[in-house]
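protein.cif (mmCIF, C-alpha atoms)
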```cif
data_final
#
loop_
_atom_site.label_atom_id
_atom_site.label_comp_id
_atom_site.auth_asym_id
_atom_site.auth_seq_id
_atom_site.Cartn_x
_atom_site.Cartn_y
_atom_site.Cartn_z
CA GLN A 1 -5.92 -11.25 20.17
CA VAL A 2 -3.54 -8.40 20.89
CA GLN A 3 -4.45 -4.74 21.07
CA LEU A 4 -1.76 -2.12 20.62
CA VAL A 5 -1.95 1.54 21.60
CA GLU A 6 0.83 3.96 20.68
CA SER A 7 1.66 7.20 22.43
CA GLY A 8 4.40 9.79 22.59
CA GLY A 9 4.22 11.34 19.16
CA GLY A 10 4.31 15.07 18.61
CA LEU A 11 6.07 18.03 17.04
CA VAL A 12 9.79 18.46 17.57
CA GLN A 13 12.55 20.49 16.00
CA ALA A 14 15.28 18.87 13.96
CA GLY A 15 17.95 17.48 16.24
CA GLY A 16 15.48 16.86 19.02
CA SER A 17 14.26 13.64 20.60
CA LEU A 18 11.01 11.80 21.16
CA ARG A 19 10.16 8.55 22.90
CA LEU A 20 7.32 6.52 21.50
CA SER A 21 5.59 3.91 23.60
CA CYS A 22 3.29 1.06 22.68
CA ALA A 23 1.08 -0.56 25.29
CA ALA A 24 -0.04 -4.10 24.49
CA SER A 25 -2.82 -6.23 25.85
CA GLY A 26 -2.58 -9.99 26.15
CA ARG A 27 -0.95 -12.49 28.44
CA THR A 28 1.68 -13.79 26.05
CA PHE A 29 3.28 -10.49 25.09
CA SER A 30 6.80 -11.84 25.55
CA ASN A 31 6.19 -14.35 22.76
CA TYR A 32 5.65 -11.73 20.10
CA ARG A 33 8.12 -10.07 17.80
CA MET A 34 7.54 -6.34 18.08
CA GLY A 35 8.24 -3.76 15.46
CA TRP A 36 7.89 -0.10 14.63
CA PHE A 37 6.96 0.91 11.12
CA ARG A 38 6.32 4.35 9.70
CA GLN A 39 4.48 5.91 6.82
CA ALA A 40 5.21 9.36 5.48
CA PRO A 41 2.64 11.27 3.39
CA GLY A 42 2.46 9.90 -0.12
CA LYS A 43 4.84 7.06 0.64
CA GLU A 44 4.50 3.38 1.43
CA ARG A 45 4.82 2.10 4.95
CA GLU A 46 8.41 1.22 5.80
CA PHE A 47 10.24 -0.68 8.49
CA ALA A 48 12.00 1.29 11.21
CA ALA A 49 12.98 -1.07 14.03
CA ALA A 50 12.11 -4.45 15.54
CA LEU A 51 13.15 -6.79 18.30
CA SER A 52 12.68 -10.38 19.37
CA GLY A 53 10.39 -11.59 22.12
CA SER A 54 13.18 -11.61 24.66
CA GLY A 55 14.54 -8.31 23.42
CA GLY A 56 17.91 -9.92 22.84
CA SER A 57 17.93 -9.32 19.10
CA THR A 58 17.27 -5.93 17.55
CA TYR A 59 16.97 -4.81 13.96
CA TYR A 60 17.06 -1.33 12.44
CA ALA A 61 16.55 0.27 9.08
CA ASP A 62 19.72 1.87 7.77
CA SER A 63 18.02 5.25 7.86
CA VAL A 64 17.54 5.15 11.65
CA ARG A 65 20.43 2.99 12.87
CA GLY A 66 22.52 4.85 15.41
CA ARG A 67 19.74 7.35 16.14
CA PHE A 68 16.80 5.17 17.20
CA THR A 69 16.74 2.54 19.94
CA ILE A 70 13.99 -0.04 20.35
CA SER A 71 13.39 -1.70 23.70
CA ARG A 72 10.71 -3.68 25.46
CA ASP A 73 9.51 -4.27 28.99
CA ASN A 74 7.76 -7.63 29.06
CA ALA A 75 6.66 -7.14 32.66
CA GLU A 76 4.79 -3.99 31.60
CA ASN A 77 3.67 -5.31 28.19
CA ALA A 78 5.27 -2.33 26.51
CA VAL A 79 7.69 -1.56 23.72
CA HIS A 80 9.44 1.76 23.24
CA LEU A 81 11.22 3.60 20.47
CA GLN A 82 13.71 6.23 21.59
CA MET A 83 14.33 8.59 18.71
CA ASN A 84 17.29 10.96 18.87
CA SER A 85 18.81 13.39 16.39
CA LEU A 86 15.52 13.59 14.57
CA LYS A 87 15.44 14.82 11.00
CA PRO A 88 12.61 16.30 8.94
CA GLU A 89 12.61 13.09 6.87
CA ASP A 90 11.60 11.18 10.01
CA THR A 91 8.21 12.86 9.80
CA ALA A 92 5.59 10.11 9.52
CA VAL A 93 2.86 8.23 11.28
CA TYR A 94 4.56 5.59 13.41
CA TYR A 95 2.88 2.24 13.92
CA CYS A 96 3.56 -0.40 16.52
CA ALA A 97 3.13 -4.00 15.35
CA ALA A 98 3.17 -7.45 16.93
CA GLY A 99 4.02 -10.68 15.17
CA ILE A 100 2.91 -14.16 16.21
CA PRO A 101 5.95 -16.40 16.61
CA LEU A 102 6.41 -18.98 13.88
CA PRO A 103 8.21 -22.33 14.25
CA TYR A 104 10.58 -21.36 11.44
CA ARG A 105 11.72 -18.21 9.68
CA PRO A 106 9.65 -17.91 6.51
CA GLY A 107 12.04 -15.42 4.93
CA ASN A 108 14.83 -12.94 5.44
CA ASP A 109 12.26 -10.27 6.22
CA TYR A 110 10.80 -12.09 9.22
CA TYR A 111 11.53 -9.07 11.41
CA THR A 112 11.55 -6.29 8.82
CA GLY A 113 8.62 -7.20 6.60
CA ASP A 114 5.23 -5.88 7.53
CA ARG A 115 3.58 -8.97 6.04
CA TRP A 116 4.78 -11.02 9.03
CA TYR A 117 3.09 -8.87 11.63
CA ASN A 118 -0.42 -9.74 12.73
CA TYR A 119 -1.53 -6.88 14.95
CA TRP A 120 -1.20 -3.15 14.45
CA GLY A 121 -1.82 -0.05 16.50
CA GLN A 122 -3.65 3.00 15.26
CA GLY A 123 -0.48 5.02 14.80
CA THR A 124 0.98 8.16 16.31
CA GLN A 125 2.08 11.23 14.35
CA VAL A 126 5.68 12.40 14.54
CA THR A 127 6.47 15.72 12.92
CA VAL A 128 10.02 17.08 12.75
CA SER A 129 10.39 20.70 11.75
CA SER A 130 13.50 22.05 10.09
#
```
How would this structure read if it were set down as structure tokens?
Amino acid sequence: QVQLVESGGGLVQAGGSLRLSCAASGRTFSNYRMGWFRQAPGKEREFAAALSGSGGSTYYADSVRGRFTISRDNAENAVHLQMNSLKPEDTAVYYCAAGIPLPYRPGNDYYTGDRWYNYWGQGTQVTVSS
């Protein structure tokens, strides 16, 4: 069982930056894929960023690539999302998620699909004002 707790959300002006953090429990944190997803009001949850257990492979949605950076600290059981050049359309609740490693890739959305993540945090609100 893995418990995830997000922090770092808040209100920021367009063009500003925020750093989200996700603290994870569990002794095998480095085995898990970690991802950040977001859900804006009235919209479905969408993928933002993800990375492999080692942190060597990263994945980004087109809408955030070049502005967001995902990283992890396996010694601290934490994953972070540095968000720069924020836009009003980035306003959403941001969720941290952990995925149990599988012996094979079940599909092309292994990192980007929320169906492959097993544990979720409670979410943190990010609001970007124009």
What lies within 8 Å of range 18-34 of chain A using all atoms listed in the file, ignoring chain neighbours under 2 positions off, as a PDB file with C-alpha atoms, in the frame of the given file?
```
ATOM      1  CA  GLN A   1      -5.920 -11.250  20.170  1.00  0.00           C
ATOM      2  CA  VAL A   2      -3.540  -8.400  20.890  1.00  0.00           C
ATOM      3  CA  GLN A   3      -4.450  -4.740  21.070  1.00  0.00           C
ATOM      4  CA  LEU A   4      -1.760  -2.120  20.620  1.00  0.00           C
ATOM      5  CA  VAL A   5      -1.950   1.540  21.600  1.00  0.00           C
ATOM      6  CA  GLU A   6       0.830   3.960  20.680  1.00  0.00           C
ATOM      7  CA  SER A   7       1.660   7.200  22.430  1.00  0.00           C
ATOM      8  CA  GLY A   8       4.400   9.790  22.590  1.00  0.00           C
ATOM      9  CA  GLY A   9       4.220  11.340  19.160  1.00  0.00           C
ATOM     10  CA  GLY A  10       4.310  15.070  18.610  1.00  0.00           C
ATOM     11  CA  VAL A  12       9.790  18.460  17.570  1.00  0.00           C
ATOM     12  CA  GLY A  16      15.480  16.860  19.020  1.00  0.00           C
ATOM     13  CA  TRP A  36       7.890  -0.100  14.630  1.00  0.00           C
ATOM     14  CA  ALA A  50      12.110  -4.450  15.540  1.00  0.00           C
ATOM     15  CA  LEU A  51      13.150  -6.790  18.300  1.00  0.00           C
ATOM     16  CA  SER A  52      12.680 -10.380  19.370  1.00  0.00           C
ATOM     17  CA  GLY A  53      10.390 -11.590  22.120  1.00  0.00           C
ATOM     18  CA  SER A  54      13.180 -11.610  24.660  1.00  0.00           C
ATOM     19  CA  ASN A  74       7.760  -7.630  29.060  1.00  0.00           C
ATOM     20  CA  ASN A  77       3.670  -5.310  28.190  1.00  0.00           C
ATOM     21  CA  ALA A  78       5.270  -2.330  26.510  1.00  0.00           C
ATOM     22  CA  VAL A  79       7.690  -1.560  23.720  1.00  0.00           C
ATOM     23  CA  HIS A  80       9.440   1.760  23.240  1.00  0.00           C
ATOM     24  CA  LEU A  81      11.220   3.600  20.470  1.00  0.00           C
ATOM     25  CA  GLN A  82      13.710   6.230  21.590  1.00  0.00           C
ATOM     26  CA  MET A  83      14.330   8.590  18.710  1.00  0.00           C
ATOM     27  CA  ASN A  84      17.290  10.960  18.870  1.00  0.00           C
ATOM     28  CA  CYS A  96       3.560  -0.400  16.520  1.00  0.00           C
ATOM     29  CA  ALA A  97       3.130  -4.000  15.350  1.00  0.00           C
ATOM     30  CA  ALA A  98       3.170  -7.450  16.930  1.00  0.00           C
ATOM     31  CA  GLY A  99       4.020 -10.680  15.170  1.00  0.00           C
ATOM     32  CA  ILE A 100       2.910 -14.160  16.210  1.00  0.00           C
ATOM     33  CA  PRO A 101       5.950 -16.400  16.610  1.00  0.00           C
ATOM     34  CA  TYR A 111      11.530  -9.070  11.410  1.00  0.00           C
TER      35      TYR A 111
END
```
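Between CA of Ser57 in chain A and CA of Leu11 in chain A the separation is 29.9 Å.
Residue nearest Ala92 in chain A, chosen from A:Thr58, A:Gln13, A:Asn118, A:Gln39 and counting only C-alpha atoms: A:Gln39.
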* Nearest candidate to Tyr117 in chain A (options A:Ile70, A:Glu89, A:Gly35, A:Gly15; using only C-alpha atoms) ->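 The closest residue to Tyr117 in chain A is A:Gly35.
The residues returned by the PyMOL selection byres ((chain A and resi 67) around 8) for this structure are Val64, Arg65, Gly66, Phe68, Thr69, Met83, Asn84, Ser85 and Leu86 of chain A.
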* Take CA of Phe47 in chain A and CA of Pro103 in chain A and report the distance between them in Å, one decimal. => 22.5 Å
* Between CA of Lys43 in chain A and CA of Ser63 in chain A - distance in Å to one decimal -> 15.1 Å
* Any chance you could resolve the PyMOL selection byres ((chain A and resi 93) around 8) against this file and give the residues as an MDAnalysis selection string? => chainID A and resid 38:40 91:92 94:95 123:126
